[in-house]
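For reference, the structure is listed below as structure tokens.
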Amino acid sequence: MPRQVTSIFRRLGNAIREFTIAQRTVAIIGVAVLVLGASALGMWVSKPAYTPLFTGLSGEDASSIVDQLTADGVGYELADGGASILVPEADVYAERIKAAAAGLPSSSTGGYSLLDTMGVTSSEFQQSVTYKRALEGELAQTIGAMEGVQAASVQLAIPKDSVFVSEKNAPTASVFVQPRNGATLSNDQVQAIVHLTSASIDGMKATDVAVIDSAGTVLSAVGVGATGSAGQQASDYETGVQSAVQAMLDKVVGVGNATVVVAADLTTESASRVEESFTTPVDAPALNESVATENYTGTGGAAAGVLGTDTAATGAATDGNGTFTSGTTTKNNAVNKVTENRTVPAGAIRRQTISVAVDAAAAGTLNVANITSLVSSAAGVDAVRGDAVTVEVVPFSTAEATAAADALKAATDAAAAESLSGIIRAALIALGVIAAIVISLVFYARRSRRQSRESVEIGELSQAQSMLGGTGGVGAITGPNANPSNSSTVGPGSLFFNPSDLPTQVIRTVNFEPTEADIRRGEIDALAQNDPRGMAEQLRGLMDERENA
């Protein structure tokens, strides 16, 4: 290991040994927090991305697939209450192939695969029931594949064929759907389920399909279809008209300066009506025409008889010739016949009323007649039908607006205060951490300065003196009778090279016969006072040589 690294670790160990119990506790807690944070970050970074392996599983299939994943040593996660299994993205295709080879998932609603296992000795009843089950299974699988549907079940009621055609009943179906967690089926999805089911069965109408969800809500009723109840239809219509009119008024008088209320009366019953009309074609030839003519010529008396109520004879019989002509024409013309069979669904508008209130403060020079005309056109008002539009300019109450503004201001102030308190807490925590780091660094620096001072033998100091080229100086001891009062020591036989410690040294006057070591110390001390920087550099060099040796 390099010398610099060894020195750093040695100094670190010495500094740690000098810690107090409180400092060691804080250091251990900090190291533990750092280790835990690094471990959590490493686990989060190394965690694989999971993707669905199978969804909509039954309990048996989920258990079998989990056993297979456990045997293969593949990690997994369960979702949707155990109906969905997620595995790492790198293993999804391999595990799907293994599951398919093992026949998993094994449970299903059947479908047309039921017909593959039907024997040749099956009775007509068995064939009919199996075929119905196959249809139900296929429809359930198709509906279950829709977005937002977790599971589906279909029950079909198909009447038997009868020789009495007029007494034949229409087939019906009931569909049970279980939405996914947090999902709600829209009206378009319900209509899709209804029309998908009705189109799959011969003779079934959309109004013959009932759809119920897992919460027991009727989404489509038999006889009504997926159009919803009459109340829902009226509410949807009123909401649509109100939104259109409100959007227009917001552009005209400003947002919040007008309010709209729509009340619609819709029909709740449906009907079927048949109409026949006959018309005469123009310039069309007759279908057939016949003409009969009869002529008579002969002799004899004139025809005699009585005219009117007069009983007297019209004339006397005379001799002469007689002539008679008679003609008949029969013509059959073509006639146009139109037969119209019309089904009138529920939800037709009987009458609607629209009420508009405009704030007097924002109305200004607003023309009420113009607003009425705009509202009538936007809502499709029919005066013949009895629709009515009322527009009034009235002062709006500002109490709720003021309360809402106060509540909004209070919420804003609370959010700002909370944000400020969060910033203050974060700043305090940051300052505390920085203060702890600064105190630790200062403590470590002081300990490092103390540990960096090492003792140097007198012989080595003498060698440094000779290298500096000086044997005396101010205050140096130059002879055996010299006064050693100018000498200063910190410890017996040693001198520290840290110049910062020189002003704090204790000067002691010793009254004894100086030895050679004392003389050397005095000379070195004088040399350090005359050239402290050069002395320190030479001492550092000596220490490096010792460490390298």
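Scheme for the structure tokens: letters A, B, ... for chains in order shown; per-chain residue numbers from 1; ligand numbers from 1 in order shown.
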Write down as a PDB file with N, CA and C atoms, in the first residue's frame the residues belonging to range 136-355 of chain A that are assigned strand (DSSP E) by DSSP computed on the backbone.
ATOM      1  N   VAL A 149     -62.187  -4.434 -18.320  1.00  0.00           N
ATOM      2  CA  VAL A 149     -62.969  -5.589 -17.883  1.00  0.00           C
ATOM      3  C   VAL A 149     -62.013  -6.660 -17.386  1.00  0.00           C
ATOM      4  N   GLN A 150     -62.184  -7.087 -16.157  1.00  0.00           N
ATOM      5  CA  GLN A 150     -61.336  -8.123 -15.591  1.00  0.00           C
ATOM      6  C   GLN A 150     -61.884  -9.520 -15.875  1.00  0.00           C
ATOM      7  N   ALA A 151     -63.182  -9.699 -15.758  1.00  0.00           N
ATOM      8  CA  ALA A 151     -63.802 -11.001 -16.018  1.00  0.00           C
ATOM      9  C   ALA A 151     -65.222 -10.767 -16.515  1.00  0.00           C
ATOM     10  N   ALA A 152     -65.735 -11.728 -17.255  1.00  0.00           N
ATOM     11  CA  ALA A 152     -67.089 -11.623 -17.810  1.00  0.00           C
ATOM     12  C   ALA A 152     -67.718 -13.006 -17.857  1.00  0.00           C
ATOM     13  N   SER A 153     -69.034 -13.033 -17.748  1.00  0.00           N
ATOM     14  CA  SER A 153     -69.803 -14.265 -17.839  1.00  0.00           C
ATOM     15  C   SER A 153     -71.069 -13.982 -18.638  1.00  0.00           C
ATOM     16  N   VAL A 154     -71.406 -14.864 -19.564  1.00  0.00           N
ATOM     17  CA  VAL A 154     -72.546 -14.684 -20.453  1.00  0.00           C
ATOM     18  C   VAL A 154     -73.487 -15.871 -20.302  1.00  0.00           C
ATOM     19  N   GLN A 155     -74.771 -15.574 -20.168  1.00  0.00           N
ATOM     20  CA  GLN A 155     -75.807 -16.597 -20.127  1.00  0.00           C
ATOM     21  C   GLN A 155     -76.799 -16.322 -21.251  1.00  0.00           C
ATOM     22  N   LEU A 156     -77.034 -17.324 -22.107  1.00  0.00           N
ATOM     23  CA  LEU A 156     -77.928 -17.192 -23.247  1.00  0.00           C
ATOM     24  C   LEU A 156     -79.212 -17.968 -23.000  1.00  0.00           C
ATOM     25  N   ALA A 157     -80.306 -17.378 -23.404  1.00  0.00           N
ATOM     26  CA  ALA A 157     -81.618 -18.048 -23.356  1.00  0.00           C
ATOM     27  C   ALA A 157     -82.133 -18.128 -24.791  1.00  0.00           C
ATOM     28  N   THR A 172     -82.743 -14.104 -25.677  1.00  0.00           N
ATOM     29  CA  THR A 172     -82.254 -13.041 -24.787  1.00  0.00           C
ATOM     30  C   THR A 172     -80.905 -13.470 -24.211  1.00  0.00           C
ATOM     31  N   ALA A 173     -80.202 -12.496 -23.649  1.00  0.00           N
ATOM     32  CA  ALA A 173     -78.877 -12.759 -23.073  1.00  0.00           C
ATOM     33  C   ALA A 173     -78.684 -11.883 -21.857  1.00  0.00           C
ATOM     34  N   SER A 174     -77.950 -12.415 -20.888  1.00  0.00           N
ATOM     35  CA  SER A 174     -77.558 -11.650 -19.705  1.00  0.00           C
ATOM     36  C   SER A 174     -76.041 -11.721 -19.588  1.00  0.00           C
ATOM     37  N   VAL A 175     -75.432 -10.572 -19.412  1.00  0.00           N
ATOM     38  CA  VAL A 175     -73.971 -10.457 -19.363  1.00  0.00           C
ATOM     39  C   VAL A 175     -73.582  -9.890 -18.011  1.00  0.00           C
ATOM     40  N   PHE A 176     -72.679 -10.587 -17.323  1.00  0.00           N
ATOM     41  CA  PHE A 176     -72.135 -10.124 -16.053  1.00  0.00           C
ATOM     42  C   PHE A 176     -70.681  -9.731 -16.278  1.00  0.00           C
ATOM     43  N   VAL A 177     -70.330  -8.500 -15.922  1.00  0.00           N
ATOM     44  CA  VAL A 177     -68.963  -8.013 -16.112  1.00  0.00           C
ATOM     45  C   VAL A 177     -68.411  -7.558 -14.772  1.00  0.00           C
ATOM     46  N   GLN A 178     -67.138  -7.823 -14.570  1.00  0.00           N
ATOM     47  CA  GLN A 178     -66.425  -7.369 -13.375  1.00  0.00           C
ATOM     48  C   GLN A 178     -65.335  -6.399 -13.811  1.00  0.00           C
ATOM     49  N   PRO A 179     -65.520  -5.107 -13.582  1.00  0.00           N
ATOM     50  CA  PRO A 179     -64.485  -4.141 -13.984  1.00  0.00           C
ATOM     51  C   PRO A 179     -63.223  -4.321 -13.156  1.00  0.00           C
ATOM     52  N   VAL A 209     -80.645  -7.649 -24.522  1.00  0.00           N
ATOM     53  CA  VAL A 209     -79.416  -7.960 -23.789  1.00  0.00           C
ATOM     54  C   VAL A 209     -79.396  -7.151 -22.502  1.00  0.00           C
ATOM     55  N   ALA A 210     -79.175  -7.832 -21.399  1.00  0.00           N
ATOM     56  CA  ALA A 210     -79.048  -7.187 -20.090  1.00  0.00           C
ATOM     57  C   ALA A 210     -77.592  -7.261 -19.652  1.00  0.00           C
ATOM     58  N   VAL A 211     -77.067  -6.139 -19.173  1.00  0.00           N
ATOM     59  CA  VAL A 211     -75.678  -6.060 -18.715  1.00  0.00           C
ATOM     60  C   VAL A 211     -75.684  -5.576 -17.276  1.00  0.00           C
ATOM     61  N   ILE A 212     -75.021  -6.332 -16.395  1.00  0.00           N
ATOM     62  CA  ILE A 212     -74.957  -6.016 -14.966  1.00  0.00           C
ATOM     63  C   ILE A 212     -73.496  -6.090 -14.552  1.00  0.00           C
ATOM     64  N   ASP A 213     -73.033  -5.146 -13.718  1.00  0.00           N
ATOM     65  CA  ASP A 213     -71.651  -5.192 -13.250  1.00  0.00           C
ATOM     66  C   ASP A 213     -71.577  -5.839 -11.882  1.00  0.00           C
ATOM     67  N   VAL A 218     -77.347  -2.009 -12.953  1.00  0.00           N
ATOM     68  CA  VAL A 218     -77.882  -2.407 -14.259  1.00  0.00           C
ATOM     69  C   VAL A 218     -77.372  -1.409 -15.291  1.00  0.00           C
ATOM     70  N   LEU A 219     -76.505  -1.880 -16.161  1.00  0.00           N
ATOM     71  CA  LEU A 219     -75.955  -1.033 -17.216  1.00  0.00           C
ATOM     72  C   LEU A 219     -76.796  -1.058 -18.474  1.00  0.00           C
ATOM     73  N   SER A 220     -77.526  -2.130 -18.684  1.00  0.00           N
ATOM     74  CA  SER A 220     -78.428  -2.247 -19.834  1.00  0.00           C
ATOM     75  C   SER A 220     -79.552  -3.188 -19.443  1.00  0.00           C
ATOM     76  N   ALA A 258     -72.950  34.759 -15.785  1.00  0.00           N
ATOM     77  CA  ALA A 258     -74.233  34.219 -16.253  1.00  0.00           C
ATOM     78  C   ALA A 258     -74.353  32.778 -15.807  1.00  0.00           C
ATOM     79  N   THR A 259     -75.575  32.363 -15.550  1.00  0.00           N
ATOM     80  CA  THR A 259     -75.847  30.989 -15.165  1.00  0.00           C
ATOM     81  C   THR A 259     -77.029  30.467 -15.969  1.00  0.00           C
ATOM     82  N   VAL A 260     -77.008  29.167 -16.293  1.00  0.00           N
ATOM     83  CA  VAL A 260     -78.012  28.562 -17.171  1.00  0.00           C
ATOM     84  C   VAL A 260     -78.590  27.339 -16.477  1.00  0.00           C
ATOM     85  N   VAL A 261     -79.904  27.190 -16.591  1.00  0.00           N
ATOM     86  CA  VAL A 261     -80.610  26.010 -16.087  1.00  0.00           C
ATOM     87  C   VAL A 261     -81.514  25.510 -17.195  1.00  0.00           C
ATOM     88  N   VAL A 262     -81.432  24.207 -17.498  1.00  0.00           N
ATOM     89  CA  VAL A 262     -82.222  23.591 -18.564  1.00  0.00           C
ATOM     90  C   VAL A 262     -83.092  22.511 -17.951  1.00  0.00           C
ATOM     91  N   ALA A 263     -84.365  22.527 -18.302  1.00  0.00           N
ATOM     92  CA  ALA A 263     -85.316  21.490 -17.879  1.00  0.00           C
ATOM     93  C   ALA A 263     -85.953  20.903 -19.128  1.00  0.00           C
ATOM     94  N   ALA A 264     -85.804  19.593 -19.314  1.00  0.00           N
ATOM     95  CA  ALA A 264     -86.310  18.925 -20.515  1.00  0.00           C
ATOM     96  C   ALA A 264     -87.296  17.843 -20.110  1.00  0.00           C
ATOM     97  N   ASP A 265     -88.362  17.740 -20.876  1.00  0.00           N
ATOM     98  CA  ASP A 265     -89.377  16.703 -20.684  1.00  0.00           C
ATOM     99  C   ASP A 265     -89.252  15.723 -21.833  1.00  0.00           C
ATOM    100  N   LEU A 266     -88.789  14.503 -21.536  1.00  0.00           N
ATOM    101  CA  LEU A 266     -88.559  13.493 -22.554  1.00  0.00           C
ATOM    102  C   LEU A 266     -89.580  12.371 -22.405  1.00  0.00           C
ATOM    103  N   ALA A 271     -92.675   3.021 -29.056  1.00  0.00           N
ATOM    104  CA  ALA A 271     -93.843   2.549 -29.805  1.00  0.00           C
ATOM    105  C   ALA A 271     -93.399   2.088 -31.182  1.00  0.00           C
ATOM    106  N   SER A 272     -94.287   1.304 -31.804  1.00  0.00           N
ATOM    107  CA  SER A 272     -94.086   0.849 -33.171  1.00  0.00           C
ATOM    108  C   SER A 272     -95.317   1.254 -33.980  1.00  0.00           C
ATOM    109  N   ARG A 273     -95.131   1.945 -35.122  1.00  0.00           N
ATOM    110  CA  ARG A 273     -96.232   2.468 -35.915  1.00  0.00           C
ATOM    111  C   ARG A 273     -96.081   2.023 -37.368  1.00  0.00           C
ATOM    112  N   VAL A 274     -97.222   1.571 -37.947  1.00  0.00           N
ATOM    113  CA  VAL A 274     -97.260   1.125 -39.344  1.00  0.00           C
ATOM    114  C   VAL A 274     -98.173   2.071 -40.108  1.00  0.00           C
ATOM    115  N   GLU A 275     -97.721   2.622 -41.221  1.00  0.00           N
ATOM    116  CA  GLU A 275     -98.486   3.547 -42.053  1.00  0.00           C
ATOM    117  C   GLU A 275     -98.507   3.036 -43.494  1.00  0.00           C
ATOM    118  N   GLU A 276     -99.692   3.130 -44.112  1.00  0.00           N
ATOM    119  CA  GLU A 276     -99.849   2.780 -45.520  1.00  0.00           C
ATOM    120  C   GLU A 276    -100.433   3.991 -46.250  1.00  0.00           C
ATOM    121  N   SER A 277     -99.889   4.327 -47.382  1.00  0.00           N
ATOM    122  CA  SER A 277    -100.367   5.469 -48.170  1.00  0.00           C
ATOM    123  C   SER A 277    -100.494   5.036 -49.634  1.00  0.00           C
ATOM    124  N   PHE A 278    -101.551   5.571 -50.285  1.00  0.00           N
ATOM    125  CA  PHE A 278    -101.828   5.252 -51.685  1.00  0.00           C
ATOM    126  C   PHE A 278    -101.796   6.553 -52.482  1.00  0.00           C
ATOM    127  N   THR A 279    -101.145   6.515 -53.610  1.00  0.00           N
ATOM    128  CA  THR A 279    -101.063   7.674 -54.500  1.00  0.00           C
ATOM    129  C   THR A 279    -101.275   7.228 -55.940  1.00  0.00           C
ATOM    130  N   ASN A 288    -104.767  -2.599 -67.379  1.00  0.00           N
ATOM    131  CA  ASN A 288    -105.551  -3.296 -68.414  1.00  0.00           C
ATOM    132  C   ASN A 288    -106.788  -2.456 -68.718  1.00  0.00           C
ATOM    133  N   GLU A 289    -107.323  -2.585 -69.936  1.00  0.00           N
ATOM    134  CA  GLU A 289    -108.468  -1.796 -70.395  1.00  0.00           C
ATOM    135  C   GLU A 289    -109.294  -2.647 -71.373  1.00  0.00           C
ATOM    136  N   SER A 290    -110.648  -2.597 -71.224  1.00  0.00           N
ATOM    137  CA  SER A 290    -111.552  -3.356 -72.113  1.00  0.00           C
ATOM    138  C   SER A 290    -112.732  -2.456 -72.512  1.00  0.00           C
ATOM    139  N   VAL A 291    -113.141  -2.558 -73.784  1.00  0.00           N
ATOM    140  CA  VAL A 291    -114.251  -1.762 -74.328  1.00  0.00           C
ATOM    141  C   VAL A 291    -115.273  -2.716 -74.981  1.00  0.00           C
ATOM    142  N   ALA A 292    -116.578  -2.579 -74.622  1.00  0.00           N
ATOM    143  CA  ALA A 292    -117.674  -3.418 -75.205  1.00  0.00           C
ATOM    144  C   ALA A 292    -118.723  -2.508 -75.844  1.00  0.00           C
ATOM    145  N   THR A 293    -119.044  -2.785 -77.136  1.00  0.00           N
ATOM    146  CA  THR A 293    -120.017  -1.957 -77.885  1.00  0.00           C
ATOM    147  C   THR A 293    -121.119  -2.860 -78.460  1.00  0.00           C
ATOM    148  N   GLU A 294    -122.368  -2.406 -78.343  1.00  0.00           N
ATOM    149  CA  GLU A 294    -123.525  -3.173 -78.861  1.00  0.00           C
ATOM    150  C   GLU A 294    -124.368  -2.269 -79.779  1.00  0.00           C
ATOM    151  N   ASN A 295    -124.589  -2.724 -81.045  1.00  0.00           N
ATOM    152  CA  ASN A 295    -125.398  -1.989 -82.043  1.00  0.00           C
ATOM    153  C   ASN A 295    -126.614  -2.850 -82.439  1.00  0.00           C
ATOM    154  N   TYR A 296    -127.762  -2.202 -82.604  1.00  0.00           N
ATOM    155  CA  TYR A 296    -129.016  -2.904 -83.031  1.00  0.00           C
ATOM    156  C   TYR A 296    -129.702  -2.068 -84.105  1.00  0.00           C
ATOM    157  N   THR A 297    -130.065  -2.767 -85.154  1.00  0.00           N
ATOM    158  CA  THR A 297    -130.815  -2.131 -86.259  1.00  0.00           C
ATOM    159  C   THR A 297    -131.961  -3.066 -86.675  1.00  0.00           C
ATOM    160  N   GLY A 298    -133.194  -2.530 -86.813  1.00  0.00           N
ATOM    161  CA  GLY A 298    -134.333  -3.393 -87.204  1.00  0.00           C
ATOM    162  C   GLY A 298    -135.592  -2.582 -87.493  1.00  0.00           C
ATOM    163  N   THR A 299    -136.691  -3.308 -87.827  1.00  0.00           N
ATOM    164  CA  THR A 299    -137.993  -2.680 -88.130  1.00  0.00           C
ATOM    165  C   THR A 299    -138.957  -2.949 -86.996  1.00  0.00           C
ATOM    166  N   ASN A 321    -138.491   2.018 -89.039  1.00  0.00           N
ATOM    167  CA  ASN A 321    -137.228   1.321 -88.690  1.00  0.00           C
ATOM    168  C   ASN A 321    -136.755   1.725 -87.281  1.00  0.00           C
ATOM    169  N   GLY A 322    -136.036   0.798 -86.516  1.00  0.00           N
ATOM    170  CA  GLY A 322    -135.502   1.070 -85.169  1.00  0.00           C
ATOM    171  C   GLY A 322    -133.975   0.858 -85.097  1.00  0.00           C
ATOM    172  N   THR A 323    -133.202   1.729 -84.392  1.00  0.00           N
ATOM    173  CA  THR A 323    -131.724   1.612 -84.256  1.00  0.00           C
ATOM    174  C   THR A 323    -131.358   1.759 -82.755  1.00  0.00           C
ATOM    175  N   PHE A 324    -130.416   0.868 -82.271  1.00  0.00           N
ATOM    176  CA  PHE A 324    -130.001   0.869 -80.845  1.00  0.00           C
ATOM    177  C   PHE A 324    -128.475   0.677 -80.761  1.00  0.00           C
ATOM    178  N   THR A 325    -127.780   1.546 -79.990  1.00  0.00           N
ATOM    179  CA  THR A 325    -126.309   1.447 -79.812  1.00  0.00           C
ATOM    180  C   THR A 325    -125.971   1.546 -78.315  1.00  0.00           C
ATOM    181  N   SER A 326    -125.126   0.620 -77.814  1.00  0.00           N
ATOM    182  CA  SER A 326    -124.720   0.583 -76.389  1.00  0.00           C
ATOM    183  C   SER A 326    -123.201   0.293 -76.298  1.00  0.00           C
ATOM    184  N   GLY A 327    -122.474   1.047 -75.443  1.00  0.00           N
ATOM    185  CA  GLY A 327    -121.030   0.833 -75.267  1.00  0.00           C
ATOM    186  C   GLY A 327    -120.611   0.827 -73.801  1.00  0.00           C
ATOM    187  N   THR A 328    -119.619  -0.028 -73.426  1.00  0.00           N
ATOM    188  CA  THR A 328    -119.082  -0.171 -72.036  1.00  0.00           C
ATOM    189  C   THR A 328    -117.538  -0.187 -72.060  1.00  0.00           C
ATOM    190  N   THR A 329    -116.934   0.626 -71.225  1.00  0.00           N
ATOM    191  CA  THR A 329    -115.449   0.675 -71.161  1.00  0.00           C
ATOM    192  C   THR A 329    -115.018   0.385 -69.725  1.00  0.00           C
ATOM    193  N   THR A 330    -114.076  -0.560 -69.560  1.00  0.00           N
ATOM    194  CA  THR A 330    -113.519  -0.933 -68.237  1.00  0.00           C
ATOM    195  C   THR A 330    -112.003  -0.698 -68.260  1.00  0.00           C
ATOM    196  N   LYS A 331    -111.467   0.116 -67.282  1.00  0.00           N
ATOM    197  CA  LYS A 331    -110.027   0.455 -67.257  1.00  0.00           C
ATOM    198  C   LYS A 331    -109.515   0.286 -65.817  1.00  0.00           C
ATOM    199  N   ASN A 332    -108.417  -0.478 -65.658  1.00  0.00           N
ATOM    200  CA  ASN A 332    -107.747  -0.700 -64.362  1.00  0.00           C
ATOM    201  C   ASN A 332    -106.422   0.085 -64.354  1.00  0.00           C
ATOM    202  N   ASN A 336     -99.984   3.578 -56.528  1.00  0.00           N
ATOM    203  CA  ASN A 336     -98.794   3.469 -55.682  1.00  0.00           C
ATOM    204  C   ASN A 336     -99.206   3.233 -54.231  1.00  0.00           C
ATOM    205  N   LYS A 337     -98.574   2.215 -53.624  1.00  0.00           N
ATOM    206  CA  LYS A 337     -98.862   1.876 -52.230  1.00  0.00           C
ATOM    207  C   LYS A 337     -97.552   1.882 -51.449  1.00  0.00           C
ATOM    208  N   VAL A 338     -97.496   2.635 -50.319  1.00  0.00           N
ATOM    209  CA  VAL A 338     -96.306   2.724 -49.465  1.00  0.00           C
ATOM    210  C   VAL A 338     -96.687   2.247 -48.077  1.00  0.00           C
ATOM    211  N   THR A 339     -95.973   1.235 -47.591  1.00  0.00           N
ATOM    212  CA  THR A 339     -96.176   0.723 -46.233  1.00  0.00           C
ATOM    213  C   THR A 339     -94.937   1.052 -45.415  1.00  0.00           C
ATOM    214  N   GLU A 340     -95.092   1.790 -44.324  1.00  0.00           N
ATOM    215  CA  GLU A 340     -93.977   2.245 -43.499  1.00  0.00           C
ATOM    216  C   GLU A 340     -94.158   1.706 -42.088  1.00  0.00           C
ATOM    217  N   ASN A 341     -93.119   0.960 -41.629  1.00  0.00           N
ATOM    218  CA  ASN A 341     -93.110   0.401 -40.275  1.00  0.00           C
ATOM    219  C   ASN A 341     -92.060   1.169 -39.485  1.00  0.00           C
ATOM    220  N   ARG A 342     -92.486   1.965 -38.538  1.00  0.00           N
ATOM    221  CA  ARG A 342     -91.593   2.863 -37.815  1.00  0.00           C
ATOM    222  C   ARG A 342     -91.620   2.516 -36.332  1.00  0.00           C
ATOM    223  N   THR A 343     -90.394   2.421 -35.739  1.00  0.00           N
ATOM    224  CA  THR A 343     -90.261   2.191 -34.300  1.00  0.00           C
ATOM    225  C   THR A 343     -89.822   3.493 -33.649  1.00  0.00           C
ATOM    226  N   VAL A 344     -90.602   3.984 -32.730  1.00  0.00           N
ATOM    227  CA  VAL A 344     -90.323   5.249 -32.050  1.00  0.00           C
ATOM    228  C   VAL A 344     -89.691   4.924 -30.702  1.00  0.00           C
ATOM    229  N   ILE A 349     -88.055  14.449 -27.238  1.00  0.00           N
ATOM    230  CA  ILE A 349     -88.281  15.675 -26.459  1.00  0.00           C
ATOM    231  C   ILE A 349     -89.727  16.128 -26.631  1.00  0.00           C
ATOM    232  N   ARG A 350     -90.416  16.248 -25.527  1.00  0.00           N
ATOM    233  CA  ARG A 350     -91.758  16.815 -25.563  1.00  0.00           C
ATOM    234  C   ARG A 350     -91.691  18.340 -25.462  1.00  0.00           C
ATOM    235  N   ARG A 351     -90.899  18.812 -24.508  1.00  0.00           N
ATOM    236  CA  ARG A 351     -90.815  20.250 -24.285  1.00  0.00           C
ATOM    237  C   ARG A 351     -89.579  20.530 -23.437  1.00  0.00           C
ATOM    238  N   GLN A 352     -88.962  21.674 -23.674  1.00  0.00           N
ATOM    239  CA  GLN A 352     -87.821  22.072 -22.868  1.00  0.00           C
ATOM    240  C   GLN A 352     -87.912  23.563 -22.540  1.00  0.00           C
ATOM    241  N   THR A 353     -87.427  23.901 -21.364  1.00  0.00           N
ATOM    242  CA  THR A 353     -87.404  25.302 -20.937  1.00  0.00           C
ATOM    243  C   THR A 353     -85.982  25.638 -20.511  1.00  0.00           C
ATOM    244  N   ILE A 354     -85.562  26.865 -20.847  1.00  0.00           N
ATOM    245  CA  ILE A 354     -84.201  27.320 -20.562  1.00  0.00           C
ATOM    246  C   ILE A 354     -84.297  28.647 -19.837  1.00  0.00           C
ATOM    247  N   SER A 355     -83.647  28.703 -18.674  1.00  0.00           N
ATOM    248  CA  SER A 355     -83.632  29.925 -17.873  1.00  0.00           C
ATOM    249  C   SER A 355     -82.196  30.431 -17.789  1.00  0.00           C
TER     250      SER A 355
END
Residues within 12 Å of Asn370 in chain A, please, as an mmCIF file with all heavy atoms, in the first residue's frame. Count only C-alpha atoms; anything in the same chain fewer than 4 positions from it doesn't count.
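The result, written out as selection19.cif:
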data_model
loop_
_atom_site.group_PDB
_atom_site.id
_atom_site.type_symbol
_atom_site.label_atom_id
_atom_site.label_comp_id
_atom_site.auth_asym_id
_atom_site.auth_seq_id
_atom_site.Cartn_x
_atom_site.Cartn_y
_atom_site.Cartn_z
ATOM 1 N N LEU A 249 -72.316 31.917 -23.373
ATOM 2 C CA LEU A 249 -72.512 33.086 -22.526
ATOM 3 C C LEU A 249 -71.210 33.522 -21.854
ATOM 4 O O LEU A 249 -71.009 34.723 -21.604
ATOM 5 C CB LEU A 249 -73.574 32.789 -21.468
ATOM 6 C CG LEU A 249 -75.010 32.624 -21.989
ATOM 7 C CD1 LEU A 249 -75.937 32.248 -20.850
ATOM 8 C CD2 LEU A 249 -75.486 33.904 -22.663
ATOM 9 N N VAL A 252 -69.642 35.868 -24.092
ATOM 10 C CA VAL A 252 -70.372 37.121 -24.318
ATOM 11 C C VAL A 252 -70.294 38.038 -23.101
ATOM 12 O O VAL A 252 -69.945 39.225 -23.209
ATOM 13 C CB VAL A 252 -71.838 36.828 -24.696
ATOM 14 C CG1 VAL A 252 -72.624 38.123 -24.832
ATOM 15 C CG2 VAL A 252 -71.898 36.029 -25.993
ATOM 16 N N THR A 365 -74.721 47.518 -21.327
ATOM 17 C CA THR A 365 -75.643 47.822 -22.434
ATOM 18 C C THR A 365 -76.051 46.565 -23.177
ATOM 19 O O THR A 365 -76.382 46.616 -24.371
ATOM 20 C CB THR A 365 -74.970 48.807 -23.397
ATOM 21 O OG1 THR A 365 -73.748 48.237 -23.891
ATOM 22 C CG2 THR A 365 -74.657 50.125 -22.686
ATOM 23 N N LEU A 366 -76.040 45.438 -22.499
ATOM 24 C CA LEU A 366 -76.377 44.168 -23.136
ATOM 25 C C LEU A 366 -77.830 44.151 -23.567
ATOM 26 O O LEU A 366 -78.725 44.572 -22.817
ATOM 27 C CB LEU A 366 -76.099 43.016 -22.157
ATOM 28 C CG LEU A 366 -76.143 41.603 -22.719
ATOM 29 C CD1 LEU A 366 -75.027 41.391 -23.722
ATOM 30 C CD2 LEU A 366 -76.015 40.590 -21.581
ATOM 31 N N LEU A 374 -79.785 34.209 -29.256
ATOM 32 C CA LEU A 374 -78.603 33.337 -29.261
ATOM 33 C C LEU A 374 -78.850 32.048 -28.497
ATOM 34 O O LEU A 374 -78.488 30.957 -28.950
ATOM 35 C CB LEU A 374 -77.414 34.086 -28.662
ATOM 36 C CG LEU A 374 -76.826 35.244 -29.484
ATOM 37 C CD1 LEU A 374 -75.752 35.957 -28.691
ATOM 38 C CD2 LEU A 374 -76.257 34.713 -30.801
ATOM 39 N N VAL A 375 -79.491 32.169 -27.330
ATOM 40 C CA VAL A 375 -79.769 30.975 -26.528
ATOM 41 C C VAL A 375 -80.737 30.049 -27.252
ATOM 42 O O VAL A 375 -80.572 28.820 -27.249
ATOM 43 C CB VAL A 375 -80.309 31.379 -25.147
ATOM 44 C CG1 VAL A 375 -80.783 30.155 -24.374
ATOM 45 C CG2 VAL A 375 -79.247 32.122 -24.358
ATOM 46 N N SER A 376 -81.753 30.607 -27.905
ATOM 47 C CA SER A 376 -82.732 29.790 -28.631
ATOM 48 C C SER A 376 -82.060 29.018 -29.762
ATOM 49 O O SER A 376 -82.338 27.825 -29.985
ATOM 50 C CB SER A 376 -83.851 30.679 -29.182
ATOM 51 O OG SER A 376 -84.518 31.358 -28.128
ATOM 52 N N SER A 377 -81.174 29.677 -30.467
ATOM 53 C CA SER A 377 -80.491 28.998 -31.571
ATOM 54 C C SER A 377 -79.524 27.937 -31.067
ATOM 55 O O SER A 377 -79.413 26.848 -31.650
ATOM 56 C CB SER A 377 -79.744 30.021 -32.430
ATOM 57 O OG SER A 377 -80.643 30.984 -32.966
ATOM 58 N N VAL A 391 -84.685 35.034 -20.222
ATOM 59 C CA VAL A 391 -83.415 35.698 -19.914
ATOM 60 C C VAL A 391 -83.717 36.893 -19.026
ATOM 61 O O VAL A 391 -84.524 37.758 -19.385
ATOM 62 C CB VAL A 391 -82.687 36.145 -21.202
ATOM 63 C CG1 VAL A 391 -81.396 36.877 -20.852
ATOM 64 C CG2 VAL A 391 -82.406 34.946 -22.099
#
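If only C-alpha atoms are the atoms counted, then among A:Pro105, A:Gly256, A:Pro159, A:Gly240 the closest residue to Asp61 in chain A is A:Pro105.
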